[in-house]
Every structure is written in C-alpha cells, then in structure tokens.
Amino acid sequence: MIARTLSKTIAAAALTIGLASAVVAQDEEAVLNVTLAEETHSFTLSDLKSMPVSRFETTTIWTDGAQAFEGVSLKHLFETLNVDEGTITATAINDYAVEIPMSDAVEDGPIIAYHTNGEEMSRRDKGPLWVVYPYDSDIAYQTELVYSRSIWQLDRISVE
C-alpha cells in the first residue's frame, strides 16, 4: 500500500514537473529576431540550439587566451531561411549595428555563438549571442573590418 501511494505520488510529481517544463518552453523568450523584407522569424535559445552546432576554438582581441565557441553558423541560419544574397544588418541590445556581407556566411565561417567554454553567455559576458569568426583559422579574419563585424549582445538581424 505504501509503495503504491509512493508510486502515485512520484508519478504525479513527474507529471507536474513535465507540465511545468512544457509551460516554460512555451514561454521562452525569443533571443534573436531575423527580419527578411516584411517577414520576421523569432528564435528562442532552444530553437538555435536545435540547429546543427558549429564549434571552434580561437583567440579574440576581447578575451584572454583561446576560447571555445559554440553556436549556429551564419551559413546554416540563412540556408534555413532560404536566403543567399543581401546585406546582413546585425543589431545589439543597445541598438549598436554592424553590416555583414552575405559572402561571410560560409562553411567554417562565423557563427552566432550562444556558448563560450561550454557556458551560456550572460549580457555582462557579451551574451546571450555573439557573432564570432574563427579568427585563428585564417589571417583574412584578423582584420579591423572583420573584428568590427563581431557584434555581441546580438538580438536582431535584418537582411536587405
């Protein structure tokens, strides 16, 4: 009898936790809005994490030593949205904006990082999203122009 009651209590708790998780997932806020012409696509962190993951380790001019970055590649994001031309305007939470040519959205190119060294990035640590290039992989990524495209606290993108 005690075992059956305990079993029912555990099952009820699991159901409650499951329902709470479902509500949290539904209420998760968008961390990135991508506007294409008149259409806006909103992505939660979970949405971005469900896409193929791109990872690399690189040094940056803003951090000490090599850092491990993980996120979704610009190439994959725009392939998902069926976009292959135009100019990307990436804008941060504080309305700072940069232009990134669509030609930068290449295999083994920049990513929209959501993890640094295995951890989610807080706003204080350039998060929740940061456009990062694999600077150490190609000297072409080690220029003032490319560094200027590495926008952190990214929260919206438009393509024109």
# chains A, B, ... in the order shown; residues from 1 in each chain; ligands from 1
call {"tool": "select_by_dssp", "arguments": {"residues": "chain A", "states": "helix (DSSP H, G or I)", "output": "PyMOL selection string"}}
result
chain A and resi 2-27+45-49+74-80+102-104+123-125+135-137+139-141+144-148
call {"tool": "atom_distance", "arguments": {"atom1": "CA of His41 in chain A", "atom2": "CA of Ile157 in chain A"}}
result
9.7 Å
call {"tool": "closest_residue", "arguments": {"among": "A:Trp152, A:Tyr141, A:Trp62, A:Tyr133", "to": "Ala90 in chain A", "atoms": "only C-alpha atoms"}}
result
A:Trp152
call {"tool": "residues_around", "arguments": {"residues": "Tyr96 in chain A", "least_positions_apart": "5", "cutoff": "12 Å", "atoms": "only C-alpha atoms", "output": "JSON list (two decimals) with all heavy atoms, in the first residue's frame"}}
result
[["chain", "number", "residue", "atom", "x", "y", "z"],
["A", 89, "THR", "N", 22.30, 43.14, -41.60],
["A", 89, "THR", "CA", 22.49, 44.16, -40.57],
["A", 89, "THR", "C", 22.23, 43.48, -39.23],
["A", 89, "THR", "O", 21.12, 43.00, -38.98],
["A", 89, "THR", "CB", 21.55, 45.36, -40.76],
["A", 89, "THR", "OG1", 21.80, 45.95, -42.04],
["A", 89, "THR", "CG2", 21.77, 46.41, -39.67],
["A", 90, "ALA", "N", 23.28, 43.40, -38.43],
["A", 90, "ALA", "CA", 23.19, 42.75, -37.12],
["A", 90, "ALA", "C", 23.14, 43.85, -36.06],
["A", 90, "ALA", "O", 23.98, 44.76, -36.07],
["A", 90, "ALA", "CB", 24.40, 41.85, -36.91],
["A", 91, "THR", "N", 22.17, 43.76, -35.16],
["A", 91, "THR", "CA", 21.95, 44.81, -34.18],
["A", 91, "THR", "C", 21.97, 44.22, -32.77],
["A", 91, "THR", "O", 21.39, 43.16, -32.53],
["A", 91, "THR", "CB", 20.61, 45.53, -34.43],
["A", 91, "THR", "OG1", 20.58, 45.98, -35.80],
["A", 91, "THR", "CG2", 20.43, 46.72, -33.51],
["A", 148, "SER", "N", 35.28, 44.36, -36.56],
["A", 148, "SER", "CA", 34.15, 45.28, -36.38],
["A", 148, "SER", "C", 32.81, 44.58, -36.61],
["A", 148, "SER", "O", 31.78, 45.06, -36.15],
["A", 148, "SER", "CB", 34.28, 46.48, -37.33],
["A", 148, "SER", "OG", 33.98, 46.11, -38.67],
["A", 149, "ARG", "N", 32.80, 43.46, -37.30],
["A", 149, "ARG", "CA", 31.57, 42.70, -37.57],
["A", 149, "ARG", "C", 31.22, 41.75, -36.42],
["A", 149, "ARG", "O", 30.16, 41.15, -36.41],
["A", 149, "ARG", "CB", 31.72, 41.90, -38.85],
["A", 149, "ARG", "CG", 31.89, 42.76, -40.07],
["A", 149, "ARG", "CD", 32.18, 41.92, -41.30],
["A", 149, "ARG", "NE", 32.37, 42.78, -42.45],
["A", 149, "ARG", "CZ", 33.00, 42.41, -43.56],
["A", 149, "ARG", "NH1", 33.49, 41.18, -43.67],
["A", 149, "ARG", "NH2", 33.13, 43.26, -44.56],
["A", 150, "SER", "N", 32.09, 41.62, -35.47],
["A", 150, "SER", "CA", 31.92, 40.66, -34.37],
["A", 150, "SER", "C", 31.07, 41.26, -33.26],
["A", 150, "SER", "O", 31.55, 41.55, -32.17],
["A", 150, "SER", "CB", 33.30, 40.24, -33.85],
["A", 150, "SER", "OG", 34.05, 39.69, -34.88],
["A", 151, "ILE", "N", 29.84, 41.41, -33.54],
["A", 151, "ILE", "CA", 28.92, 42.09, -32.63],
["A", 151, "ILE", "C", 28.45, 41.15, -31.52],
["A", 151, "ILE", "O", 28.11, 40.01, -31.75],
["A", 151, "ILE", "CB", 27.71, 42.66, -33.42],
["A", 151, "ILE", "CG1", 26.82, 43.52, -32.54],
["A", 151, "ILE", "CG2", 26.96, 41.56, -34.15],
["A", 151, "ILE", "CD1", 25.78, 44.31, -33.33],
["A", 152, "TRP", "N", 28.49, 41.66, -30.29],
["A", 152, "TRP", "CA", 27.99, 40.87, -29.16],
["A", 152, "TRP", "C", 26.70, 41.47, -28.66],
["A", 152, "TRP", "O", 26.29, 42.55, -29.10],
["A", 152, "TRP", "CB", 29.01, 40.75, -28.05],
["A", 152, "TRP", "CG", 29.63, 42.02, -27.54],
["A", 152, "TRP", "CD1", 29.07, 42.92, -26.69],
["A", 152, "TRP", "CD2", 30.93, 42.51, -27.85],
["A", 152, "TRP", "NE1", 29.94, 43.94, -26.44],
["A", 152, "TRP", "CE2", 31.10, 43.71, -27.14],
["A", 152, "TRP", "CE3", 31.97, 42.05, -28.65],
["A", 152, "TRP", "CZ2", 32.27, 44.47, -27.21],
["A", 152, "TRP", "CZ3", 33.13, 42.79, -28.72],
["A", 152, "TRP", "CH2", 33.27, 43.99, -28.01],
["A", 153, "GLN", "N", 26.04, 40.77, -27.77],
["A", 153, "GLN", "CA", 24.70, 41.11, -27.28],
["A", 153, "GLN", "C", 23.73, 41.25, -28.46],
["A", 153, "GLN", "O", 22.78, 42.02, -28.44],
["A", 153, "GLN", "CB", 24.70, 42.38, -26.43],
["A", 153, "GLN", "CG", 25.45, 42.22, -25.14],
["A", 153, "GLN", "CD", 25.38, 43.45, -24.26],
["A", 153, "GLN", "OE1", 25.22, 44.58, -24.74],
["A", 153, "GLN", "NE2", 25.50, 43.23, -22.96],
["A", 154, "LEU", "N", 23.98, 40.43, -29.48],
["A", 154, "LEU", "CA", 23.14, 40.41, -30.68],
["A", 154, "LEU", "C", 21.72, 40.01, -30.30],
["A", 154, "LEU", "O", 21.52, 39.06, -29.55],
["A", 154, "LEU", "CB", 23.72, 39.38, -31.67],
["A", 154, "LEU", "CG", 22.90, 39.13, -32.93],
["A", 154, "LEU", "CD1", 23.03, 40.33, -33.88],
["A", 154, "LEU", "CD2", 23.40, 37.86, -33.63],
["A", 155, "ASP", "N", 20.73, 40.75, -30.84],
["A", 155, "ASP", "CA", 19.35, 40.31, -30.61],
["A", 155, "ASP", "C", 18.47, 40.42, -31.85],
["A", 155, "ASP", "O", 17.35, 39.93, -31.85],
["A", 155, "ASP", "CB", 18.71, 41.03, -29.41],
["A", 155, "ASP", "CG", 18.35, 42.48, -29.68],
["A", 155, "ASP", "OD1", 18.89, 43.09, -30.63],
["A", 155, "ASP", "OD2", 17.52, 43.01, -28.92],
["A", 156, "ARG", "N", 19.00, 41.04, -32.93],
["A", 156, "ARG", "CA", 18.19, 41.09, -34.15],
["A", 156, "ARG", "C", 19.07, 41.23, -35.38],
["A", 156, "ARG", "O", 20.16, 41.79, -35.34],
["A", 156, "ARG", "CB", 17.14, 42.18, -34.08],
["A", 156, "ARG", "CG", 17.64, 43.54, -33.79],
["A", 156, "ARG", "CD", 16.47, 44.47, -33.36],
["A", 156, "ARG", "NE", 16.98, 45.81, -33.14],
["A", 156, "ARG", "CZ", 17.44, 46.27, -31.99],
["A", 156, "ARG", "NH1", 17.45, 45.52, -30.92],
["A", 156, "ARG", "NH2", 17.91, 47.49, -31.90],
["A", 157, "ILE", "N", 18.53, 40.70, -36.45],
["A", 157, "ILE", "CA", 19.20, 40.72, -37.75],
["A", 157, "ILE", "C", 18.17, 41.09, -38.79],
["A", 157, "ILE", "O", 17.02, 40.63, -38.73],
["A", 157, "ILE", "CB", 19.80, 39.33, -38.10],
["A", 157, "ILE", "CG1", 20.95, 39.00, -37.16],
["A", 157, "ILE", "CG2", 20.23, 39.26, -39.55],
["A", 157, "ILE", "CD1", 21.50, 37.58, -37.34]]
call {"tool": "closest_residue", "arguments": {"among": "A:Val106, A:Leu48, A:Ile100, A:Ile61", "to": "Lys75 in chain A", "atoms": "only C-alpha atoms"}}
result
A:Val106
call {"tool": "closest_residue", "arguments": {"among": "A:Leu129, A:Lys49, A:Pro101, A:Asp138", "to": "Asn33 in chain A", "atoms": "only C-alpha atoms"}}
result
A:Leu129
call {"tool": "closest_residue", "arguments": {"among": "A:Asp47, A:Glu57, A:Asp108, A:Asp136", "to": "Ser73 in chain A", "atoms": "only C-alpha atoms"}}
result
A:Asp108
call {"tool": "atom_distance", "arguments": {"atom1": "CA of Val159 in chain A", "atom2": "CA of Ser42 in chain A"}}
result
14.2 Å
call {"tool": "closest_residue", "arguments": {"among": "A:Leu74, A:Ala97, A:Ala92, A:Ile139", "to": "Arg123 in chain A", "atoms": "only C-alpha atoms"}}
result
A:Ala92
call {"tool": "closest_residue", "arguments": {"among": "A:Ala66, A:Ala113, A:Met51, A:Val146", "to": "Val98 in chain A", "atoms": "only C-alpha atoms"}}
result
A:Val146
call {"tool": "atom_distance", "arguments": {"atom1": "CA of Gly86 in chain A", "atom2": "CA of Val72 in chain A"}}
result
19.3 Å
call {"tool": "select_by_dssp", "arguments": {"residues": "range 25-133 of chain A", "states": "strand (DSSP E or B)", "output": "NGL selection string"}}
result
:A and (30-36 or 39-44 or 54-58 or 67-73 or 87-92 or 97-101 or 111-116 or 119-120 or 130-132)
